[in-house]
file coords16.tsv (TSV, C-alpha atoms and all ligand atoms)
chain	number	residue	atom	x	y	z
A	73	MET	CA	-25.54	-35.07	-15.32
A	74	GLU	CA	-22.41	-36.76	-14.09
A	75	ALA	CA	-20.41	-35.04	-16.86
A	76	LEU	CA	-21.80	-31.71	-15.73
A	77	GLU	CA	-20.89	-32.37	-12.09
A	78	ALA	CA	-17.41	-33.40	-13.10
A	79	SER	CA	-16.91	-30.23	-15.14
A	80	ILE	CA	-18.20	-28.08	-12.31
A	81	LEU	CA	-15.69	-29.74	-10.02
A	82	GLU	CA	-12.81	-29.24	-12.45
A	83	SER	CA	-13.73	-25.66	-13.25
A	84	ILE	CA	-13.02	-24.62	-9.67
A	85	PRO	CA	-9.44	-23.37	-9.46
A	86	HIS	CA	-8.99	-24.68	-5.91
A	87	ALA	CA	-8.71	-28.08	-4.34
A	88	VAL	CA	-12.18	-29.56	-3.86
A	89	ILE	CA	-12.54	-32.52	-1.55
A	90	GLY	CA	-15.48	-34.61	-0.47
A	91	LEU	CA	-15.21	-36.14	2.98
A	92	GLN	CA	-17.01	-38.67	5.07
A	93	ASP	CA	-15.83	-39.17	8.63
A	94	ARG	CA	-12.74	-37.24	7.65
A	95	ARG	CA	-11.88	-39.73	4.91
A	96	ILE	CA	-11.57	-38.44	1.37
A	97	ILE	CA	-14.28	-39.79	-0.91
A	98	PHE	CA	-13.70	-37.58	-3.93
A	99	VAL	CA	-11.34	-34.86	-5.13
A	100	ASN	CA	-10.89	-32.66	-8.17
A	101	ASN	CA	-7.65	-32.09	-10.05
A	102	GLY	CA	-7.12	-28.86	-8.12
A	103	VAL	CA	-5.63	-30.94	-5.27
A	104	LYS	CA	-2.57	-31.47	-7.44
A	105	THR	CA	-2.03	-27.73	-7.81
A	106	VAL	CA	-2.76	-26.82	-4.22
A	107	PHE	CA	-1.28	-29.79	-2.35
A	108	GLY	CA	0.81	-31.67	-4.91
A	109	TRP	CA	-1.12	-34.90	-4.36
A	110	THR	CA	-2.89	-36.78	-7.14
A	111	SER	CA	-6.45	-37.94	-6.70
A	112	ASP	CA	-5.38	-41.60	-6.68
A	113	GLU	CA	-3.10	-40.97	-3.76
A	114	LEU	CA	-5.84	-39.31	-1.74
A	115	ILE	CA	-9.03	-41.34	-2.08
A	116	GLY	CA	-9.69	-43.29	1.09
A	117	ARG	CA	-7.13	-41.45	3.20
A	118	THR	CA	-7.78	-38.85	5.87
A	119	THR	CA	-7.15	-35.11	5.59
A	120	ARG	CA	-4.34	-35.44	8.13
A	121	LEU	CA	-2.09	-35.19	5.05
A	122	PHE	CA	-2.97	-31.54	4.61
A	123	TYR	CA	-2.17	-30.46	8.14
A	124	ARG	CA	1.16	-29.51	9.62
A	125	SER	CA	0.62	-31.46	12.84
A	126	GLY	CA	-1.69	-33.96	14.43
A	127	LYS	CA	-2.66	-31.27	16.91
A	128	ASP	CA	-3.81	-28.97	14.10
A	129	TYR	CA	-5.70	-31.85	12.51
A	130	ILE	CA	-7.72	-32.32	15.69
A	131	ARG	CA	-8.13	-28.69	16.72
A	132	ILE	CA	-9.14	-27.25	13.33
A	133	ALA	CA	-11.55	-30.06	12.59
A	134	GLY	CA	-13.08	-29.56	16.04
A	135	GLU	CA	-13.77	-25.92	15.22
A	136	LEU	CA	-14.98	-26.60	11.71
A	137	TYR	CA	-17.39	-29.41	12.50
A	138	SER	CA	-18.86	-27.59	15.46
A	139	ILE	CA	-19.74	-24.70	13.13
A	140	LEU	CA	-21.17	-27.11	10.58
A	141	GLU	CA	-23.36	-28.66	13.29
A	142	LYS	CA	-25.12	-25.31	13.51
A	143	GLN	CA	-24.97	-23.90	10.00
A	144	PRO	CA	-24.71	-25.30	6.45
A	145	ILE	CA	-21.49	-23.55	5.47
A	146	ALA	CA	-18.33	-22.40	7.17
A	147	SER	CA	-15.11	-20.77	6.16
A	148	MET	CA	-11.78	-20.31	7.87
A	149	GLU	CA	-8.08	-19.84	7.28
A	150	PHE	CA	-5.39	-22.11	8.61
A	151	PRO	CA	-1.85	-23.37	8.02
A	152	CYS	CA	-1.51	-26.36	5.66
A	153	LEU	CA	1.19	-28.54	4.22
A	154	ARG	CA	1.95	-29.63	0.66
A	155	LYS	CA	3.12	-33.10	-0.26
A	156	ASP	CA	6.70	-31.86	-0.72
A	157	GLY	CA	6.67	-30.37	2.79
A	158	THR	CA	6.15	-26.74	1.72
A	159	LYS	CA	4.13	-24.80	4.26
A	160	ILE	CA	1.16	-22.97	2.79
A	161	GLU	CA	-1.77	-20.99	4.14
A	162	CYS	CA	-5.22	-22.06	3.01
A	163	MET	CA	-8.61	-20.47	3.06
A	164	ILE	CA	-11.30	-23.11	3.17
A	165	ASN	CA	-14.97	-23.05	2.44
A	166	ALA	CA	-16.85	-26.02	3.75
A	167	ALA	CA	-20.43	-27.10	3.15
A	168	ARG	CA	-22.16	-30.07	4.70
A	169	ILE	CA	-23.71	-32.55	2.33
A	170	GLY	CA	-27.43	-32.75	3.06
A	171	GLN	CA	-29.60	-30.87	5.53
A	172	GLN	CA	-27.82	-32.06	8.66
A	173	LEU	CA	-24.26	-32.92	9.42
A	174	LYS	CA	-24.28	-36.71	9.21
A	175	GLU	CA	-21.17	-38.90	9.36
A	176	LYS	CA	-19.23	-35.66	8.91
A	177	ARG	CA	-20.19	-35.64	5.24
A	178	VAL	CA	-18.85	-32.38	3.81
A	179	VAL	CA	-17.38	-30.76	0.74
A	180	ILE	CA	-14.41	-28.51	1.32
A	181	THR	CA	-12.61	-26.19	-1.10
A	182	TYR	CA	-9.05	-25.25	-0.22
A	183	GLU	CA	-7.61	-22.10	-1.71
A	184	ASN	CA	-3.90	-21.44	-1.42
A	185	ILE	CA	-3.72	-17.89	-0.08
A	186	THR	CA	-0.04	-17.92	0.87
A	187	ASP	CA	0.98	-15.33	-1.72
A	188	ARG	CA	-2.01	-13.14	-1.06
A	189	LYS	CA	-1.36	-13.20	2.67
A	190	ARG	CA	2.30	-12.48	2.20
A	191	ALA	CA	1.48	-9.56	-0.10
A	192	ALA	CA	-0.99	-8.21	2.45
A	193	GLN	CA	1.59	-8.58	5.22
A	194	GLU	CA	4.25	-6.87	3.13
A	195	LEU	CA	1.86	-4.06	2.33
A	196	GLU	CA	1.00	-3.68	5.99
A	197	PHE	CA	4.67	-3.74	6.92
A	198	SER	CA	5.57	-1.16	4.34
A	199	ARG	CA	2.71	1.06	5.46
A	200	HIS	CA	3.94	0.71	9.02
A	201	GLN	CA	7.46	1.64	7.93
A	202	LEU	CA	6.22	4.68	6.03
A	203	ARG	CA	4.35	5.80	9.10
A	204	GLN	CA	7.43	5.34	11.25
A	205	LEU	CA	9.49	7.24	8.72
A	206	SER	CA	7.00	10.06	8.54
A	207	ALA	CA	6.87	10.35	12.34
A	208	HIS	CA	10.66	10.24	12.48
A	209	LEU	CA	10.99	12.98	9.86
A	210	GLN	CA	8.44	15.11	11.69
A	211	SER	CA	10.36	14.74	14.90
A	212	ILE	CA	13.68	15.61	13.26
A	213	ARG	CA	12.08	18.61	11.62
A	214	GLU	CA	10.64	19.74	14.92
A	215	LYS	CA	13.99	19.43	16.70
A	216	GLU	CA	15.72	21.29	13.91
A	217	ARG	CA	13.18	24.10	14.07
A	218	ALA	CA	13.52	24.31	17.84
A	219	ARG	CA	17.31	24.49	17.54
A	220	ILE	CA	17.28	27.24	14.91
A	221	ALA	CA	14.63	29.19	16.84
A	222	ARG	CA	16.70	28.93	20.00
A	223	GLU	CA	19.85	30.08	18.27
A	224	LEU	CA	18.10	32.98	16.65
A	225	HIS	CA	16.66	33.98	19.99
A	226	ASP	CA	19.72	33.41	22.13
A	227	GLU	CA	22.61	34.29	19.83
A	228	LEU	CA	21.28	36.76	17.31
A	229	GLY	CA	18.84	38.24	19.81
A	230	GLN	CA	21.67	38.88	22.28
A	231	LEU	CA	23.88	40.47	19.64
A	232	VAL	CA	21.20	42.81	18.42
A	233	THR	CA	20.35	43.78	21.98
A	234	ALA	CA	24.01	44.55	22.67
A	235	LEU	CA	24.13	46.59	19.48
A	236	ASN	CA	21.10	48.51	20.61
A	237	THR	CA	22.69	49.31	23.99
A	238	ASP	CA	25.77	50.66	22.22
A	239	ILE	CA	23.69	52.82	19.94
A	240	VAL	CA	21.87	54.34	22.91
A	241	LEU	CA	25.26	55.08	24.56
A	242	LEU	CA	26.54	56.59	21.34
A	243	LYS	CA	23.45	58.73	20.97
A	244	ASN	CA	23.93	60.17	24.45
A	245	LYS	CA	27.52	61.09	23.61
A	246	ILE	CA	26.66	63.15	20.53
A	247	PRO	CA	27.28	66.83	21.27
A	248	ALA	CA	24.33	69.18	20.91
A	249	GLY	CA	23.86	70.65	17.43
A	250	GLN	CA	25.23	67.60	15.54
A	251	LYS	CA	21.95	67.02	13.73
A	252	ILE	CA	23.36	64.90	10.91
A	253	LEU	CA	25.04	62.52	13.35
A	254	LEU	CA	21.94	62.37	15.50
A	255	ASP	CA	19.75	61.54	12.49
A	256	ARG	CA	22.18	58.77	11.51
A	257	VAL	CA	22.16	57.26	14.96
A	258	GLU	CA	18.40	57.44	15.12
A	259	SER	CA	18.14	55.70	11.78
A	260	MET	CA	20.53	53.02	13.07
A	261	SER	CA	18.37	52.65	16.13
A	262	SER	CA	15.24	52.08	14.12
A	263	LEU	CA	17.04	49.62	11.84
A	264	VAL	CA	18.15	47.68	14.87
A	265	GLY	CA	14.55	47.73	16.13
A	266	LEU	CA	13.39	46.37	12.78
A	267	THR	CA	16.05	43.66	12.87
A	268	MET	CA	14.87	42.62	16.34
A	269	GLU	CA	11.30	42.39	15.11
A	270	THR	CA	12.35	40.37	12.08
A	271	VAL	CA	14.42	37.97	14.14
A	272	LYS	CA	11.51	37.54	16.53
A	273	ARG	CA	9.06	36.96	13.69
A	274	ILE	CA	11.34	34.29	12.24
A	275	TYR	CA	11.95	32.39	15.47
A	276	MET	CA	8.34	32.61	16.55
A	277	GLY	CA	7.38	31.29	13.13
A	278	LEU	CA	9.77	28.39	13.54
A	279	ARG	CA	8.68	27.51	17.03
A	280	PRO	CA	6.98	29.88	19.41
A	281	GLY	CA	8.80	29.90	22.73
A	282	MET	CA	5.58	29.79	24.73
A	283	LEU	CA	5.06	26.28	23.43
A	284	ASP	CA	7.95	25.23	25.67
A	285	HIS	CA	7.49	27.71	28.50
A	286	LEU	CA	3.83	28.63	28.82
A	287	GLY	CA	2.15	25.57	27.37
A	288	LEU	CA	-0.35	24.68	24.72
A	289	THR	CA	-3.19	27.04	25.58
A	290	ALA	CA	-0.91	30.10	25.62
A	291	ALA	CA	0.61	29.09	22.29
A	292	ILE	CA	-2.80	28.53	20.72
A	293	ALA	CA	-4.12	31.85	22.01
A	294	TRP	CA	-1.05	33.60	20.63
A	295	GLN	CA	-1.36	31.86	17.26
A	296	ALA	CA	-5.05	32.79	17.04
A	297	GLU	CA	-4.24	36.44	17.67
A	298	GLU	CA	-1.44	36.36	15.11
A	299	PHE	CA	-3.84	34.82	12.65
A	300	PHE	CA	-6.38	37.57	13.18
A	301	ARG	CA	-3.70	40.24	12.85
A	302	ARG	CA	-2.46	38.73	9.59
A	303	THR	CA	-5.77	37.80	7.93
A	304	GLY	CA	-8.50	39.86	9.57
A	305	ILE	CA	-10.42	36.62	10.18
A	306	ALA	CA	-11.69	36.57	13.77
A	307	CYS	CA	-10.42	33.58	15.71
A	308	ASP	CA	-12.17	32.87	19.02
A	309	VAL	CA	-10.49	30.42	21.30
A	310	SER	CA	-11.75	28.76	24.45
A	311	PHE	CA	-10.09	26.28	26.72
A	312	SER	CA	-11.43	23.98	29.32
A	313	PRO	CA	-9.74	23.94	31.70
A	314	GLU	CA	-7.74	27.13	31.17
A	315	ASP	CA	-4.49	25.41	32.04
A	316	MET	CA	-3.60	21.91	31.05
A	317	ALA	CA	-0.48	19.91	31.64
A	318	ILE	CA	0.16	17.97	28.47
A	319	ASP	CA	3.05	15.90	27.26
A	320	PRO	CA	5.49	18.22	25.42
A	321	ASP	CA	5.48	16.13	22.24
A	322	LEU	CA	1.71	16.02	22.22
A	323	THR	CA	1.66	19.78	22.80
A	324	THR	CA	3.73	20.21	19.65
A	325	THR	CA	1.50	17.83	17.71
A	326	ILE	CA	-1.69	19.66	18.65
A	327	PHE	CA	-0.11	23.02	17.95
A	328	ARG	CA	1.07	21.94	14.49
A	329	ILE	CA	-2.36	20.52	13.68
A	330	PHE	CA	-3.92	23.79	14.80
A	331	GLN	CA	-1.53	25.75	12.58
A	332	GLU	CA	-2.38	23.59	9.57
A	333	THR	CA	-6.11	24.08	10.10
A	334	LEU	CA	-5.63	27.85	10.30
A	335	THR	CA	-3.48	27.86	7.16
A	336	ASN	CA	-6.24	25.97	5.39
A	337	VAL	CA	-8.88	28.42	6.58
A	338	GLN	CA	-6.78	31.28	5.29
A	339	ARG	CA	-6.02	29.61	1.96
A	340	HIS	CA	-9.24	27.86	1.10
A	341	ALA	CA	-12.23	28.63	3.29
A	342	GLN	CA	-13.15	32.26	2.53
A	343	ALA	CA	-14.35	32.39	6.11
A	344	THR	CA	-14.88	35.41	8.32
A	345	LYS	CA	-14.73	33.59	11.60
A	346	VAL	CA	-13.03	30.62	13.23
A	347	THR	CA	-14.00	29.12	16.58
A	348	VAL	CA	-11.58	26.93	18.45
A	349	HIS	CA	-12.27	24.74	21.48
A	350	LEU	CA	-9.60	22.82	23.27
A	351	THR	CA	-10.89	20.53	25.98
A	352	ALA	CA	-8.86	18.28	28.21
A	353	MET	CA	-11.03	15.58	29.71
A	354	ASP	CA	-10.00	12.82	32.06
A	355	ASP	CA	-8.96	10.45	29.37
A	356	GLN	CA	-8.80	12.47	26.17
A	357	LEU	CA	-7.91	15.76	24.60
A	358	GLU	CA	-10.27	17.28	22.08
A	359	LEU	CA	-9.55	20.04	19.61
A	360	VAL	CA	-12.37	21.46	17.51
A	361	VAL	CA	-11.67	24.05	14.85
A	362	LYS	CA	-14.73	25.35	13.09
A	363	ASP	CA	-14.89	27.92	10.32
A	364	ASN	CA	-17.86	29.56	8.64
A	365	GLY	CA	-16.41	29.41	5.12
A	366	LYS	CA	-17.39	27.62	1.94
A	367	GLY	CA	-17.03	24.12	3.34
A	368	ILE	CA	-14.79	21.29	2.26
A	369	SER	CA	-16.18	18.73	-0.18
A	370	ASP	CA	-15.75	14.96	-0.03
A	371	GLU	CA	-13.75	15.17	-3.24
A	372	GLN	CA	-11.30	17.60	-1.72
A	373	LEU	CA	-11.02	15.38	1.32
A	374	ARG	CA	-10.08	12.45	-0.88
A	375	LYS	CA	-7.62	14.29	-3.14
A	376	PRO	CA	-4.40	12.28	-3.21
A	377	ASP	CA	-2.32	15.42	-2.80
A	378	SER	CA	-4.12	16.64	0.33
A	379	PHE	CA	-0.86	16.47	2.21
A	380	GLY	CA	-1.92	18.96	4.85
A	381	LEU	CA	-4.94	16.88	5.84
A	382	MET	CA	-2.90	13.70	5.48
A	383	GLY	CA	-0.35	15.17	7.87
A	384	ILE	CA	-3.10	15.87	10.38
A	385	LYS	CA	-4.40	12.31	10.08
A	386	GLU	CA	-0.94	10.80	10.44
A	387	ARG	CA	-0.17	12.89	13.52
A	388	VAL	CA	-3.47	11.90	15.11
A	389	TYR	CA	-2.93	8.23	14.22
A	390	HIS	CA	0.51	8.33	15.78
A	391	TRP	CA	-1.09	9.23	19.12
A	392	GLY	CA	-3.78	6.61	18.79
A	393	GLY	CA	-6.44	9.25	18.27
A	394	LYS	CA	-9.28	9.87	15.86
A	395	GLU	CA	-10.11	12.78	13.62
A	396	ALA	CA	-13.23	13.88	11.83
A	397	ILE	CA	-13.33	16.45	9.08
A	398	VAL	CA	-16.81	17.55	8.18
A	399	GLY	CA	-17.59	20.10	5.51
A	400	LYS	CA	-21.01	21.56	4.80
A	401	ILE	CA	-20.95	23.28	1.44
A	402	GLY	CA	-21.62	26.99	1.95
A	403	LYS	CA	-21.69	26.61	5.73
A	404	GLY	CA	-18.15	25.84	6.74
A	405	THR	CA	-15.80	23.13	7.87
A	406	THR	CA	-15.31	21.55	11.27
A	407	ILE	CA	-12.24	19.58	12.16
A	408	THR	CA	-12.40	17.56	15.35
A	409	ILE	CA	-9.54	15.59	16.73
A	410	ARG	CA	-9.52	13.43	19.83
A	411	ILE	CA	-6.42	12.00	21.37
A	412	PRO	CA	-6.39	9.64	24.33
A	413	LEU	CA	-4.56	10.98	27.37
A	414	LEU	CA	-2.60	9.07	29.93
A	415	LYS	CA	-3.98	9.27	33.46
A	416	THR	CA	-2.90	12.35	35.44
A	417	GLY	CA	0.42	11.64	37.01
A	418	GLU	CA	1.58	9.62	34.03
A	419	THR	CA	1.67	12.74	31.87
A	420	SER	CA	4.60	15.03	32.29
B	1	LIG	N1	-11.20	24.94	6.02
B	1	LIG	C1	-11.38	24.58	4.74
B	1	LIG	N2	-12.42	25.07	4.02
B	1	LIG	C2	-12.61	24.72	2.73
B	1	LIG	N3	-11.82	23.86	2.05
B	1	LIG	C3	-10.77	23.32	2.70
B	1	LIG	C4	-10.49	23.65	4.07
B	1	LIG	N4	-9.40	22.95	4.46
B	1	LIG	C5	-9.01	22.24	3.39
B	1	LIG	N5	-9.81	22.46	2.32
B	1	LIG	C6	-9.74	21.81	0.99
B	1	LIG	O1	-9.07	20.57	1.17
B	1	LIG	C7	-7.95	20.50	0.32
B	1	LIG	C8	-6.84	19.74	1.00
B	1	LIG	O2	-6.26	20.47	2.07
B	1	LIG	P1	-4.74	20.22	2.42
B	1	LIG	O3	-4.53	18.75	2.56
B	1	LIG	O4	-4.38	21.05	3.60
B	1	LIG	O5	-3.94	20.66	1.14
B	1	LIG	P2	-3.52	22.12	0.64
B	1	LIG	O6	-3.85	23.09	1.73
B	1	LIG	O7	-2.06	22.00	0.40
B	1	LIG	O8	-4.32	22.35	-0.63
B	1	LIG	C9	-7.60	21.92	-0.01
B	1	LIG	O9	-6.96	22.01	-1.25
B	1	LIG	C10	-8.95	22.59	-0.01
B	1	LIG	O10	-9.58	22.44	-1.26
B	2	MG	MG	-3.22	22.83	3.74
call {"tool": "encode", "arguments": {"input": "coords16.tsv", "output": "structure tokens", "more": "lines below"}}
Ligand SMILES: Nc1ncnc2c1ncn2[C@@H]1O[C@H](COP(=O)(O)OP(=O)(O)O)[C@@H](O)[C@H]1O
Ligand SMILES: [Mg+2]
result
Amino acid sequence: MEALEASILESIPHAVIGLQDRRIIFVNNGVKTVFGWTSDELIGRTTRLFYRSGKDYIRIAGELYSILEKQPIASMEFPCLRKDGTKIECMINAARIGQQLKEKRVVITYENITDRKRAAQELEFSRHQLRQLSAHLQSIREKERARIARELHDELGQLVTALNTDIVLLKNKIPAGQKILLDRVESMSSLVGLTMETVKRIYMGLRPGMLDHLGLTAAIAWQAEEFFRRTGIACDVSFSPEDMAIDPDLTTTIFRIFQETLTNVQRHAQATKVTVHLTAMDDQLELVVKDNGKGISDEQLRKPDSFGLMGIKERVYHWGGKEAIVGKIGKGTTITIRIPLLKTGETS
């Protein structure tokens, strides 16, 4: 039996230590790997050796033993120290020996989780950086779009308008009976009209001006109408309240999310109707876009290349909000997003 116990002890890849009144009464060879101490050096000494400070030694033990007063096992993570002074992080699992905690008799396993923790931290850091990068790229892209839209509107729009004025003047100067000239000028006039429309379509596609001047609800209503005109899919919108004052960046975010959901309806849903509700409450903004199409499946939701949906999630995350995408096969898809709002007065 003793041989079996010894092999059990040695088969554990962590440091295993038996304690009585905080003095070490037995150890396995794992202590050498985890702490750099040999068993001979440890027997009879206290676990103070494993802690970085006397304060830690008292505080952590206080926590641990008070848990073990109440329950047979406990686990926690804390900073430790190796014999050579290297700082490590350990995860411990402690079990009291016997039914009750008597003379602080416990067995503790120490696992060195330094590398694991560092890897987790690095992963978290890199995820954070990716998120920052993605938000930064979005914001650059948005500014760029706004700039091009403005230039198209202001510069090109002005030029084409001036051209149109000249054509009208020219037309009035053509003597009666000059049919060929008149036809030419009329053709020019309609080409100029077409150019105006094209320029407008392009800058509105880049960034609709009402987003900056008339606000979110106007932009959403316009986009819904555009969508119906383009696809024939009815798009009912309702707002509560009708007018809402929302941070300009958040306005852009919600608008872009709305556009992505409409693009998805058009591309994937085979729907005949979309209903949109935008509600500004005291402390949050809610957008619900519901279609009556074929419904999104869990698989599609989890696809690694679902960049549209990922973009929605990232945008929502950036504002500290939550989103829910629910698909009922054959019945349609509902996307709900909620974003916390600052108190009135704090929003611009
Ligand atoms: N409204 C919807 N109805 C049905 N399926 C949808 C809907 N929206 C998204 N999907 C499904 O989810 C997938 C992921 O969407 P998304 O991330 O926007 O990527 P993409 O539109 O580029 O395919 C789509 O390929 C589609 O299969
Ligand atoms: Mg998409």
call {"tool": "closest_atom_pairs", "arguments": {"input": "coords16.tsv", "of": "chain A", "to": "ligand MG 2 (chain B)", "cutoff": "10 Å", "atoms": "all atoms listed in the file", "output": "JSON lines"}}
result
{"residue": "A:Gln331", "atom": "CA", "partner": "B:MG2", "partner_atom": "MG", "distance": 9.5}
{"residue": "A:Glu332", "atom": "CA", "partner": "B:MG2", "partner_atom": "MG", "distance": 5.9}
{"residue": "A:Thr333", "atom": "CA", "partner": "B:MG2", "partner_atom": "MG", "distance": 7.1}
{"residue": "A:Leu334", "atom": "CA", "partner": "B:MG2", "partner_atom": "MG", "distance": 8.6}
{"residue": "A:Thr335", "atom": "CA", "partner": "B:MG2", "partner_atom": "MG", "distance": 6.1}
{"residue": "A:Asn336", "atom": "CA", "partner": "B:MG2", "partner_atom": "MG", "distance": 4.7}
{"residue": "A:Val337", "atom": "CA", "partner": "B:MG2", "partner_atom": "MG", "distance": 8.4}
{"residue": "A:Gln338", "atom": "CA", "partner": "B:MG2", "partner_atom": "MG", "distance": 9.3}
{"residue": "A:Arg339", "atom": "CA", "partner": "B:MG2", "partner_atom": "MG", "distance": 7.5}
{"residue": "A:His340", "atom": "CA", "partner": "B:MG2", "partner_atom": "MG", "distance": 8.3}
{"residue": "A:Asp377", "atom": "CA", "partner": "B:MG2", "partner_atom": "MG", "distance": 9.9}
{"residue": "A:Ser378", "atom": "CA", "partner": "B:MG2", "partner_atom": "MG", "distance": 7.1}
{"residue": "A:Phe379", "atom": "CA", "partner": "B:MG2", "partner_atom": "MG", "distance": 7.0}
{"residue": "A:Gly380", "atom": "CA", "partner": "B:MG2", "partner_atom": "MG", "distance": 4.2}
{"residue": "A:Leu381", "atom": "CA", "partner": "B:MG2", "partner_atom": "MG", "distance": 6.5}
{"residue": "A:Met382", "atom": "CA", "partner": "B:MG2", "partner_atom": "MG", "distance": 9.3}
{"residue": "A:Gly383", "atom": "CA", "partner": "B:MG2", "partner_atom": "MG", "distance": 9.2}
{"residue": "A:Ile384", "atom": "CA", "partner": "B:MG2", "partner_atom": "MG", "distance": 9.6}
call {"tool": "residues_around", "arguments": {"input": "coords16.tsv", "residues": "stretch 74-89 of chain A", "least_positions_apart": "2", "cutoff": "6 Å", "atoms": "only C-alpha atoms", "output": "list in words"}}
result
Phe98, Val99, Asn100, Gly102, Val103, Val179, Ile180, Thr181, Tyr182 and Glu183 of chain A
call {"tool": "atom_distance", "arguments": {"input": "coords16.tsv", "atom1": "atom CA of A:Ala341", "atom2": "atom N4 of ligand LIG 1 (chain B)"}}
result
6.5 Å
call {"tool": "residues_around", "arguments": {"input": "coords16.tsv", "residues": "A:Val309", "least_positions_apart": "3", "cutoff": "7 Å", "atoms": "only C-alpha atoms", "output": "CSV table (one decimal) with C-alpha atoms, keeping the file's coordinate frame"}}
result
chain,number,residue,atom,x,y,z
A,293,ALA,CA,-4.1,31.8,22.0
A,347,THR,CA,-14.0,29.1,16.6
A,348,VAL,CA,-11.6,26.9,18.4
A,349,HIS,CA,-12.3,24.7,21.5
call {"tool": "closest_atom_pairs", "arguments": {"input": "coords16.tsv", "of": "stretch 140-234 of chain A", "to": "stretch 314-323 of chain A", "cutoff": "12 Å", "atoms": "only C-alpha atoms", "output": "JSON lines"}}
result
{"residue": "A:Ala207", "atom": "CA", "partner": "A:Asp321", "partner_atom": "CA", "distance": 11.5}
{"residue": "A:Gln210", "atom": "CA", "partner": "A:Asp321", "partner_atom": "CA", "distance": 11.0}
{"residue": "A:Ser211", "atom": "CA", "partner": "A:Asp321", "partner_atom": "CA", "distance": 8.9}
{"residue": "A:Glu214", "atom": "CA", "partner": "A:Asp321", "partner_atom": "CA", "distance": 9.7}
{"residue": "A:Lys215", "atom": "CA", "partner": "A:Asp321", "partner_atom": "CA", "distance": 10.7}
call {"tool": "closest_residue", "arguments": {"input": "coords16.tsv", "among": "A:Asp308, A:Glu141, A:Glu371, A:Glu149", "to": "A:Glu175", "atoms": "all atoms listed in the file"}}
result
A:Glu141
call {"tool": "atom_distance", "arguments": {"input": "coords16.tsv", "atom1": "atom C7 of ligand LIG 1 (chain B)", "atom2": "atom CA of A:Ile409"}}
result
17.2 Å
call {"tool": "atom_distance", "arguments": {"input": "coords16.tsv", "atom1": "atom CA of A:Gly367", "atom2": "atom C4 of ligand LIG 1 (chain B)"}}
result
6.6 Å
call {"tool": "closest_residue", "arguments": {"input": "coords16.tsv", "among": "A:Tyr123, A:Trp391, A:Tyr137, A:Trp109", "to": "A:Asp93", "atoms": "only C-alpha atoms"}}
result
A:Tyr137
